[in-house]
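Enquirer: Just query_20.txt, nothing more (compact mmCIF, C-alpha atoms):
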# COMPACT_ATOMS: atom_id res chain seq x y z
CA MET K 243 153.83 -25.35 7.99
CA THR K 244 156.27 -24.75 5.14
CA ILE K 245 155.31 -21.18 4.35
CA ASN K 246 158.67 -20.34 2.82
CA THR K 247 158.51 -23.15 0.25
CA ARG K 248 154.91 -23.95 -0.75
CA TYR K 249 153.74 -20.33 -0.59
CA GLN K 250 157.02 -18.57 -1.33
CA ARG K 251 155.89 -17.05 -4.65
CA GLN K 252 153.07 -15.16 -2.91
CA THR K 253 154.69 -14.36 0.40
CA ILE K 254 157.39 -12.36 -1.41
CA LEU K 255 154.65 -9.99 -2.55
CA ASP K 256 154.54 -6.89 -0.38
CA GLU K 257 150.75 -7.09 -0.28
CA ILE K 258 150.82 -10.62 1.16
CA GLY K 259 154.01 -11.30 3.12
CA GLU K 260 154.20 -13.91 5.86
CA ALA K 261 151.64 -12.00 7.94
CA GLY K 262 149.15 -12.17 5.08
CA GLN K 263 149.89 -15.85 4.56
CA GLU K 264 149.11 -16.49 8.20
CA LYS K 265 145.75 -14.81 7.64
CA LEU K 266 145.04 -17.12 4.71
CA LEU K 267 145.98 -20.18 6.74
CA ALA K 268 143.67 -19.06 9.54
CA ALA K 269 140.74 -18.30 7.21
CA SER K 270 137.78 -20.47 6.27
CA VAL K 271 135.81 -20.39 3.01
CA LEU K 272 132.66 -22.30 2.06
CA CYS K 273 132.04 -22.95 -1.63
CA ILE K 274 128.42 -23.66 -2.56
CA GLY K 275 128.71 -25.72 -5.73
CA ALA K 276 131.74 -27.52 -7.11
CA GLY K 277 130.90 -27.08 -10.79
CA GLY K 278 132.12 -24.69 -13.46
CA LEU K 279 132.71 -21.81 -11.04
CA GLY K 280 133.56 -23.82 -7.96
CA CYS K 281 136.32 -25.86 -9.60
CA PRO K 282 138.71 -22.97 -10.42
CA ALA K 283 137.78 -21.08 -7.25
CA LEU K 284 138.53 -24.12 -5.09
CA LEU K 285 141.77 -24.92 -6.90
CA TYR K 286 143.23 -21.46 -6.34
CA LEU K 287 141.95 -21.15 -2.77
CA ALA K 288 143.49 -24.48 -1.84
CA ALA K 289 146.73 -23.65 -3.64
CA ALA K 290 146.90 -20.27 -1.86
CA GLY K 291 146.67 -22.00 1.51
CA ILE K 292 143.19 -21.22 2.78
CA GLY K 293 143.33 -23.21 5.98
CA HIS K 294 139.75 -24.49 6.09
CA ILE K 295 137.64 -25.09 2.98
CA GLY K 296 134.07 -26.36 2.85
CA ILE K 297 132.49 -27.81 -0.30
CA ALA K 298 128.70 -28.21 -0.55
CA ASP K 299 127.37 -30.03 -3.63
CA PHE K 300 124.80 -32.81 -3.97
CA ASP K 301 125.44 -33.41 -7.68
CA ASN K 302 127.47 -36.16 -9.34
CA VAL K 303 130.15 -35.80 -12.01
CA GLU K 304 128.88 -36.28 -15.57
CA GLU K 305 130.91 -36.64 -18.74
CA SER K 306 129.57 -33.31 -20.07
CA ASN K 307 130.99 -31.58 -16.97
CA LEU K 308 134.59 -32.41 -17.84
CA GLN K 309 134.79 -29.73 -20.55
CA ARG K 310 134.87 -27.01 -17.87
CA GLN K 311 134.95 -28.65 -14.43
CA THR K 312 138.65 -29.37 -14.42
CA LEU K 313 138.88 -30.70 -10.87
CA TYR K 314 137.54 -34.03 -12.14
CA SER K 315 138.83 -36.80 -14.36
CA THR K 316 137.03 -39.36 -16.49
CA ASP K 317 137.32 -42.09 -13.88
CA GLN K 318 135.32 -39.93 -11.43
CA ILE K 319 132.15 -39.90 -13.55
CA GLY K 320 129.25 -40.83 -11.27
CA GLN K 321 131.07 -39.73 -8.11
CA ASN K 322 129.70 -36.98 -5.88
CA LYS K 323 131.34 -33.67 -6.84
CA ALA K 324 132.11 -32.52 -3.29
CA ARG K 325 133.85 -35.82 -2.55
CA GLY K 326 135.69 -35.82 -5.88
CA ALA K 327 136.82 -32.22 -5.40
CA LYS K 328 138.15 -32.98 -1.92
CA HIS K 329 140.22 -35.87 -3.28
CA ARG K 330 141.85 -33.62 -5.88
CA LEU K 331 142.43 -30.71 -3.49
CA ASN K 332 143.93 -32.96 -0.82
CA ALA K 333 146.42 -34.14 -3.42
CA LEU K 334 147.22 -30.53 -4.32
CA ASN K 335 147.59 -29.31 -0.75
CA PRO K 336 147.47 -31.90 2.05
CA GLU K 337 148.23 -29.26 4.68
CA ILE K 338 144.75 -27.71 4.73
CA LYS K 339 141.44 -28.91 6.18
CA ILE K 340 138.67 -29.74 3.71
CA GLU K 341 135.10 -30.66 4.69
CA THR K 342 132.37 -31.85 2.32
CA TYR K 343 128.60 -31.57 2.49
CA GLU K 344 127.16 -33.99 -0.03
CA ASP K 345 123.56 -32.91 0.64
CA GLY K 346 124.34 -29.45 -0.74
CA LEU K 347 122.81 -26.29 0.74
CA SER K 348 119.24 -25.98 2.00
CA GLU K 349 117.32 -23.76 4.36
CA HIS K 350 117.65 -26.57 6.92
CA ASN K 351 121.46 -26.67 7.06
CA ALA K 352 122.28 -23.07 6.11
CA GLU K 353 122.83 -21.91 9.69
CA THR K 354 125.09 -24.86 10.50
CA LEU K 355 127.19 -24.29 7.38
CA PHE K 356 127.36 -20.51 7.27
CA THR K 357 128.31 -20.02 10.91
CA LYS K 358 131.38 -22.29 10.46
CA TYR K 359 132.99 -20.20 7.71
CA ASP K 360 134.27 -16.65 7.23
CA ILE K 361 133.41 -16.20 3.53
CA ILE K 362 130.93 -17.82 1.17
CA ILE K 363 131.64 -18.50 -2.53
CA ASP K 364 128.56 -18.72 -4.75
CA GLY K 365 129.30 -21.44 -7.28
CA SER K 366 125.63 -22.20 -7.94
CA ASP K 367 123.89 -22.17 -11.32
CA ASN K 368 120.28 -21.40 -10.38
CA PHE K 369 118.28 -18.51 -8.94
CA ALA K 370 116.83 -20.47 -6.01
CA THR K 371 120.25 -21.27 -4.56
CA LYS K 372 121.58 -17.76 -5.18
CA TYR K 373 118.67 -16.20 -3.28
CA LEU K 374 119.13 -18.69 -0.44
CA ILE K 375 122.87 -17.92 -0.28
CA ASN K 376 122.10 -14.19 -0.25
CA ASP K 377 119.48 -14.40 2.48
CA ALA K 378 121.58 -16.70 4.67
CA ALA K 379 124.65 -14.50 4.18
CA PHE K 380 122.77 -11.43 5.41
CA LYS K 381 121.09 -13.33 8.22
CA PHE K 382 124.40 -14.68 9.53
CA GLN K 383 126.45 -11.61 8.50
CA LYS K 384 128.84 -13.35 6.13
CA PRO K 385 130.29 -11.79 2.96
CA PHE K 386 129.57 -13.80 -0.17
CA ILE K 387 131.13 -13.66 -3.60
CA TYR K 388 128.53 -13.96 -6.35
CA ALA K 389 129.18 -14.99 -9.93
CA ALA K 390 127.24 -16.07 -13.00
CA ILE K 391 128.38 -17.31 -16.41
CA GLN K 392 126.70 -17.93 -19.73
CA GLY K 393 128.10 -18.49 -23.19
CA PHE K 394 131.12 -16.19 -23.44
CA GLU K 395 130.01 -13.80 -20.65
CA GLY K 396 130.50 -13.64 -16.92
CA GLN K 397 129.85 -11.35 -13.97
CA VAL K 398 131.16 -11.16 -10.40
CA SER K 399 130.24 -9.16 -7.31
CA VAL K 400 130.86 -9.13 -3.58
CA PHE K 401 127.91 -8.68 -1.23
CA ASP K 402 129.13 -7.86 2.27
CA PRO K 403 126.52 -7.28 5.01
CA ARG K 404 129.28 -6.06 7.33
CA GLU K 405 129.68 -2.94 5.19
CA LYS K 406 127.49 0.07 5.93
CA ASP K 407 124.76 0.61 3.30
CA ALA K 408 125.88 -2.46 1.36
CA PRO K 409 123.32 -3.80 -1.13
CA CYS K 410 122.34 -7.46 -1.34
CA TYR K 411 121.73 -9.76 -4.29
CA ARG K 412 118.03 -8.86 -4.17
CA CYS K 413 118.99 -5.23 -4.76
CA LEU K 414 120.64 -6.36 -8.00
CA TYR K 415 118.09 -8.96 -9.11
CA GLU K 416 114.94 -8.30 -7.18
CA GLN K 417 113.18 -11.42 -8.38
CA ALA K 418 113.86 -14.46 -10.47
CA ASP K 419 113.00 -14.45 -14.15
CA LYS K 420 109.83 -16.55 -14.33
CA SER K 421 111.14 -18.21 -17.46
CA GLY K 422 113.97 -19.63 -15.33
CA ALA K 423 117.71 -19.09 -15.54
CA PRO K 424 119.14 -20.74 -18.66
CA THR K 425 121.53 -23.55 -17.83
CA CYS K 426 124.86 -24.36 -19.47
CA ALA K 427 123.13 -27.30 -21.13
CA GLU K 428 120.55 -24.97 -22.67
CA ASN K 429 122.69 -22.01 -23.72
CA GLY K 430 126.19 -23.44 -23.66
CA ILE K 431 129.40 -22.28 -22.03
CA ILE K 432 133.07 -22.13 -22.93
CA GLY K 433 135.10 -23.74 -20.17
CA ALA K 434 137.68 -20.94 -20.11
CA VAL K 435 134.93 -18.47 -19.14
CA ALA K 436 134.16 -20.51 -16.03
CA GLY K 437 137.89 -20.70 -15.31
CA ILE K 438 138.38 -16.94 -15.49
CA ILE K 439 135.29 -15.99 -13.48
CA GLY K 440 135.88 -18.65 -10.81
CA SER K 441 139.48 -17.45 -10.50
CA VAL K 442 138.23 -13.89 -9.97
CA GLN K 443 136.03 -15.21 -7.14
CA ALA K 444 139.10 -16.80 -5.53
CA MET K 445 141.03 -13.53 -5.84
CA GLU K 446 138.17 -11.57 -4.25
CA ALA K 447 138.16 -14.00 -1.32
CA ILE K 448 141.91 -13.59 -0.89
CA LYS K 449 141.54 -9.78 -0.94
CA LEU K 450 138.80 -9.93 1.68
CA ILE K 451 140.96 -12.09 3.93
CA ILE K 452 144.17 -10.07 3.57
CA ASP K 453 142.29 -6.74 3.82
CA GLY K 454 145.26 -4.80 2.51
CA ASP K 455 145.26 -1.06 1.91
CA SER K 456 146.00 -1.48 -1.79
CA PHE K 457 143.18 -3.97 -2.37
CA LYS K 458 139.79 -2.81 -3.63
CA THR K 459 137.18 -5.55 -3.65
CA LEU K 460 134.07 -5.73 -5.80
CA THR K 461 131.87 -4.96 -2.80
CA SER K 462 128.77 -3.14 -4.09
CA LYS K 463 130.13 -3.41 -7.65
CA LEU K 464 129.18 -5.65 -10.56
CA HIS K 465 132.08 -6.57 -12.83
CA CYS K 466 130.93 -7.84 -16.22
CA ILE K 467 133.07 -9.20 -19.05
CA ASP K 468 132.35 -10.45 -22.56
CA MET K 469 135.15 -12.85 -23.51
CA ARG K 470 134.36 -12.53 -27.22
CA THR K 471 135.76 -9.00 -27.23
CA MET K 472 137.35 -8.88 -23.75
CA ARG K 473 135.29 -5.77 -23.15
CA SER K 474 134.59 -5.34 -19.45
CA ARG K 475 132.70 -2.84 -17.35
CA THR K 476 132.23 -2.36 -13.62
CA LEU K 477 128.92 -0.94 -12.42
CA SER K 478 127.89 0.36 -9.01
CA ILE K 479 125.04 -1.54 -7.33
CA PRO K 480 122.78 0.84 -5.41
CA LYS K 481 121.17 -0.34 -2.20
CA LYS K 482 117.39 -0.35 -2.63
CA GLN K 483 115.87 1.69 0.14
CA ASN K 484 112.78 -0.51 0.21
CA CYS K 485 114.55 -3.87 -0.06
CA PRO K 486 112.71 -6.25 2.28
CA LEU K 487 115.86 -8.30 2.87
CA CYS K 488 118.90 -6.14 3.55
CA GLN K 489 116.84 -3.42 5.26
CA SER K 490 115.71 -6.00 7.83
CA ASP K 491 117.15 -6.89 11.20
CA PRO K 492 119.26 -10.00 10.45
CA ALA K 493 117.63 -11.85 13.34
CA THR K 494 114.20 -11.48 11.71
CA ILE K 495 115.19 -12.83 8.28
CA GLN K 496 113.32 -16.02 7.42
CA LEU K 497 115.17 -18.23 4.97
CA PRO K 498 113.07 -19.08 1.92
CA THR K 499 111.97 -22.66 1.38
CA ASN K 500 111.96 -22.23 -2.41
CA GLY K 501 114.85 -19.82 -2.67
CA VAL K 502 112.97 -16.97 -4.31
CA GLU K 503 110.59 -15.55 -1.72
CA CYS K 504 110.79 -11.93 -0.60
CA THR K 505 110.07 -10.51 -4.06
CA MET K 506 108.56 -7.07 -4.47
CA THR K 507 107.66 -6.57 -8.11
CA ASP K 508 105.96 -8.56 -10.81
CA ILE K 509 107.40 -7.53 -14.17
CA GLU K 510 105.47 -9.12 -17.01
CA GLN K 511 107.57 -11.38 -19.25
CA ILE K 512 106.71 -11.24 -22.97
CA THR K 513 108.16 -12.84 -26.09
CA PRO K 514 109.79 -10.84 -28.90
CA ASP K 515 106.85 -11.72 -31.18
CA HIS K 516 104.41 -10.35 -28.60
CA ALA K 517 106.49 -7.20 -28.17
CA MET K 518 106.61 -6.51 -31.90
CA ASN K 519 102.83 -6.78 -32.15
CA MET K 520 101.99 -4.36 -29.33
CA ASP K 521 100.47 -1.12 -30.64
CA GLY K 522 102.23 2.02 -29.45
CA ALA K 523 104.66 0.29 -27.10
CA TYR K 524 107.75 2.25 -26.04
CA LEU K 525 110.76 0.02 -26.71
CA ILE K 526 113.96 0.50 -24.68
CA ASP K 527 117.32 -1.11 -25.43
CA VAL K 528 119.33 -1.35 -22.18
CA ARG K 529 122.49 -2.84 -23.69
CA GLU K 530 125.75 -0.94 -23.85
CA GLN K 531 127.00 1.37 -26.63
CA ASP K 532 129.00 -1.21 -28.57
CA GLU K 533 126.08 -3.64 -28.56
CA TRP K 534 123.70 -0.92 -29.77
CA ASP K 535 126.13 0.13 -32.51
CA ALA K 536 126.41 -3.48 -33.71
CA GLY K 537 122.65 -3.64 -34.26
CA HIS K 538 119.34 -2.85 -32.58
CA ILE K 539 115.60 -3.02 -33.11
CA GLU K 540 114.32 -0.21 -35.29
CA GLY K 541 112.41 2.38 -33.29
CA ALA K 542 113.96 1.41 -29.95
CA GLN K 543 115.27 4.02 -27.53
CA PHE K 544 118.85 3.64 -26.27
CA MET K 545 119.01 3.65 -22.47
CA PRO K 546 121.94 1.49 -21.20
CA LEU K 547 121.59 -0.29 -17.90
CA SER K 548 124.85 1.27 -16.66
CA ALA K 549 123.26 4.73 -16.98
CA LEU K 550 120.02 3.62 -15.32
CA MET K 551 121.92 2.17 -12.37
CA GLN K 552 123.76 5.45 -11.88
CA ASN K 553 120.80 7.79 -12.42
CA PRO K 554 117.39 6.11 -12.71
CA ALA K 555 115.61 9.39 -11.99
CA GLY K 556 117.06 10.82 -15.20
CA ALA K 557 115.18 8.40 -17.43
CA GLU K 558 112.57 10.19 -19.57
CA ILE K 559 109.89 7.57 -20.12
CA PRO K 560 106.27 8.20 -21.14
CA ALA K 561 103.68 7.35 -18.51
CA ASP K 562 100.86 6.59 -20.95
CA LYS K 563 102.44 3.71 -22.91
CA ASP K 564 103.44 0.12 -22.38
CA ILE K 565 107.19 0.03 -21.74
CA VAL K 566 109.09 -2.93 -23.22
CA LEU K 567 112.73 -3.37 -22.23
CA TYR K 568 115.24 -5.67 -23.88
CA CYS K 569 118.93 -6.59 -23.65
CA ALA K 570 120.87 -9.45 -25.23
CA LYS K 571 119.08 -12.29 -23.46
CA GLY K 572 116.64 -10.82 -20.94
CA ARG K 573 118.48 -10.65 -17.61
CA ARG K 574 119.80 -7.08 -17.74
CA SER K 575 116.46 -5.81 -19.01
CA GLN K 576 114.72 -7.54 -16.09
CA HIS K 577 117.02 -5.66 -13.73
CA ALA K 578 116.38 -2.39 -15.59
CA ALA K 579 112.62 -2.94 -15.33
CA GLU K 580 112.93 -3.46 -11.58
CA ILE K 581 114.94 -0.24 -11.23
CA LEU K 582 112.27 1.68 -13.12
CA SER K 583 109.49 0.01 -11.15
CA ALA K 584 111.11 1.20 -7.92
CA GLN K 585 111.03 4.72 -9.40
CA GLY K 586 107.26 4.47 -9.88
CA HIS K 587 107.06 3.62 -13.59
CA LYS K 588 104.12 1.42 -14.60
CA ASN K 589 103.23 -0.91 -17.49
CA LEU K 590 106.74 -2.35 -17.58
CA LYS K 591 107.43 -5.51 -19.57
CA ASN K 592 110.61 -7.54 -20.04
CA MET K 593 111.32 -9.14 -23.43
CA ILE K 594 112.52 -12.64 -22.61
CA GLY K 595 115.26 -13.97 -24.85
CA GLY K 596 116.21 -10.38 -25.67
CA TYR K 597 117.76 -9.16 -28.88
CA ASP K 598 119.30 -12.57 -29.59
CA LEU K 599 115.89 -14.26 -29.70
CA TRP K 600 114.41 -11.33 -31.66
CA LEU K 601 117.07 -11.87 -34.35
CA GLN K 602 116.05 -15.51 -34.61
CA GLU K 603 112.29 -15.02 -34.62
CA CYS K 604 111.47 -11.54 -35.87
CA ALA K 605 114.34 -10.00 -37.87
Could you show the structure in this file as structure tokens?
Expert:
Amino acid sequence: MTINTRYQRQTILDEIGEAGQEKLLAASVLCIGAGGLGCPALLYLAAAGIGHIGIADFDNVEESNLQRQTLYSTDQIGQNKARGAKHRLNALNPEIKIETYEDGLSEHNAETLFTKYDIIIDGSDNFATKYLINDAAFKFQKPFIYAAIQGFEGQVSVFDPREKDAPCYRCLYEQADKSGAPTCAENGIIGAVAGIIGSVQAMEAIKLIIDGDSFKTLTSKLHCIDMRTMRSRTLSIPKKQNCPLCQSDPATIQLPTNGVECTMTDIEQITPDHAMNMDGAYLIDVREQDEWDAGHIEGAQFMPLSALMQNPAGAEIPADKDIVLYCAKGRRSQHAAEILSAQGHKNLKNMIGGYDLWLQECA
């Protein structure tokens, strides 16, 4: 293995060195999804010399993918993504082992796949797969690196069941939004956003493998960035004391057949028009200060999600009114509603589409 030539630019770093490079070469990483997130993550993991990479994706390359899924070329349209990604990565680094799973991930093959790899990369674009990844990761005690992208925004976290009191993905998003997660086709995405967030996932995997004293991973943290302003924030993710997943004995965890079982709350989803026509409702804006300053719904109370995550008990909310929460699009407010529900608050409702949809329909 030509460590001193191929990997020379990273082995000269004190934090890596030849000992760290040997760790990378001995490590194994499974990437679930070889799309917008998986492409940059896989490129940088292969280039860094991860010795064993797995790629699970059942989908085929489409022309609309090429704007952001830069592992593929036009002549690969129609080809399975896992197979196409392997071809490109083998050309980049023929010295590593790459395995493909063209059936993707399911509850039937999760044990076989997860037990073969050290770290899991979440490159999926739907709630069902993310919940399945989470549950399998905690069942088989594997750290997984979560990410999500939409429009100009992205978020990344590391969920590591090996860490004491570590939260899981269900502690962050207790249940799936019943309206469904918007896809890139529905809400759009800038390719560079996928590139940046997927690259962060690769870096988090490298930090987990090297385990250096100077490295701080995003374990139990949620790093969010808005590429329009480059404003970023990192929030702590508290472990829910009544979480039915990560509070369980791993051996007893049953993998969901639809990806979203094991939910605990049922937050009502309402449209902006419905929210504006509710008599006496208590409206809460859970966005951050700069978003509030740029514009908000008249009469709303400012209660940013970052503050709720740090101190939910400090929220002063009336008990005799319907509580309507909103953010930019509806995901953060769903999480805020679940935090408040766990604190005993009732009559909670999430405004789907958030402030963006309100501007279109009600402003």
Enquirer: Figure out the distance between CA of Gly541 (chain K) and CA of Ser575 (chain K), please, to one decimal in Å.
Expert: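 Taking CA of Ser575 (chain K) and CA of Gly541 (chain K), their separation equals 17.0 Å.
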Enquirer: Under the rule that only C-alpha atoms are counted, which of K:Leu272, K:Ile452, K:Leu287, K:Leu279 is the nearest residue to Gly437 (chain K)?
Expert: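 Using only C-alpha atoms, the shortest distance to Gly437 (chain K) belongs to K:Leu279.
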Enquirer: Fewer than 4 positions away in the same chain doesn't count, so skip those; otherwise give me all residues within 10 Å of Gln309 (chain K), counting only C-alpha atoms, as a JSON list (two decimals) with C-alpha atoms, in the coordinates of the input.
Expert:
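New file result22.json:
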[["chain", "number", "residue", "atom", "x", "y", "z"],
["K", 278, "GLY", "CA", 132.12, -24.69, -13.46],
["K", 305, "GLU", "CA", 130.91, -36.64, -18.74],
["K", 314, "TYR", "CA", 137.54, -34.03, -12.14],
["K", 431, "ILE", "CA", 129.40, -22.28, -22.03],
["K", 432, "ILE", "CA", 133.07, -22.13, -22.93],
["K", 433, "GLY", "CA", 135.10, -23.74, -20.17],
["K", 434, "ALA", "CA", 137.68, -20.94, -20.11]]
Enquirer: Pick out the closest residue to Lys358 (chain K) from this set: K:Met593, K:Ile295, K:Met545, K:Met518. Count all atoms listed in the file.
Expert: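 Of K:Met593, K:Ile295, K:Met545, K:Met518, the one nearest Lys358 (chain K) is K:Ile295, counting all atoms listed in the file.
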Enquirer: Name the closest residue to Asn592 (chain K) among the candidates K:Glu304, K:Glu540, K:Glu510, K:Glu530; distances are taken between atoms, counting only C-alpha atoms.
Expert: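 Between K:Glu304, K:Glu540, K:Glu510, K:Glu530, the residue approaching Asn592 (chain K) most closely is K:Glu510.
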Enquirer: With 8 Å on each side, where is the centre of the axis-aligned box around all listed atoms of region 353-359 of chain K, and how long are its edges in Å to one decimal, as JSON?
Expert:
{"center_x": 127.9, "center_y": -22.4, "center_z": 9.1, "size_x": 26.2, "size_y": 20.8, "size_z": 19.6}
Enquirer: Give me the residues of region 250-340 of chain K that have any atom at most 12 Å from an atom of region 349-354 of chain K; for each, the nearest atom pair and the distance in Å, rounded to one decimal. Use only C-alpha atoms, sort by chain and number, and format it as a tab-separated table.
Expert:
residue	atom	partner	partner_atom	distance
K:Leu272	CA	K:Ala352	CA	11.2
K:Ile274	CA	K:Ala352	CA	10.6
K:Gly296	CA	K:Thr354	CA	11.9
K:Ala298	CA	K:Ala352	CA	10.6
Enquirer: Region 347-466 of chain K near region 473-479 of chain K within 6 Å: what's each residue's closest atom pair and its distance in Å to one decimal, counting only C-alpha atoms, ordered by chain then ascending residue number, as CSV?
Expert:
residue,atom,partner,partner_atom,distance
K:Ser462,CA,K:Ile479,CA,5.2
K:Lys463,CA,K:Ser478,CA,4.6
K:Leu464,CA,K:Leu477,CA,5.1
K:His465,CA,K:Thr476,CA,4.3
K:Cys466,CA,K:Arg475,CA,5.4
Enquirer: Which polymer residues have any atom within 12 Å of an atom of Pro560 (chain K), counting only C-alpha atoms, with same-chain residues fewer than 2 positions away left out, as a list of chain:residue names?
Expert: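 Here the qualifying residues turn out to be K:Gly522, K:Ala523, K:Tyr524, K:Leu525, K:Ile526, K:Gln543, K:Ala557, K:Glu558, K:Asp562, K:Lys563, K:Asp564, K:Ile565, K:Val566, K:Leu582, K:Gly586, K:His587, K:Lys588, K:Asn589, K:Leu590.
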Enquirer: Could you tell me how far CA of Gly440 (chain K) sits from CA of Gln397 (chain K), in Å to one decimal place?
Expert: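 CA of Gly440 (chain K) lies at a distance of 10.0 Å from CA of Gln397 (chain K).
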Enquirer: Using CA of Cys413 (chain K) and CA of Tyr286 (chain K) as the two end points, give the distance in Å to one decimal.
Expert: 29.2 Å
Enquirer: Tell me, as JSON, numbers by chain, which residues lie within 9 Å of Asp301 (chain K), counting only C-alpha atoms; anything in the same chain fewer than 5 positions away does not count.
Expert: {"K": [275, 276, 277, 321, 322, 323, 324, 344, 345, 346]}
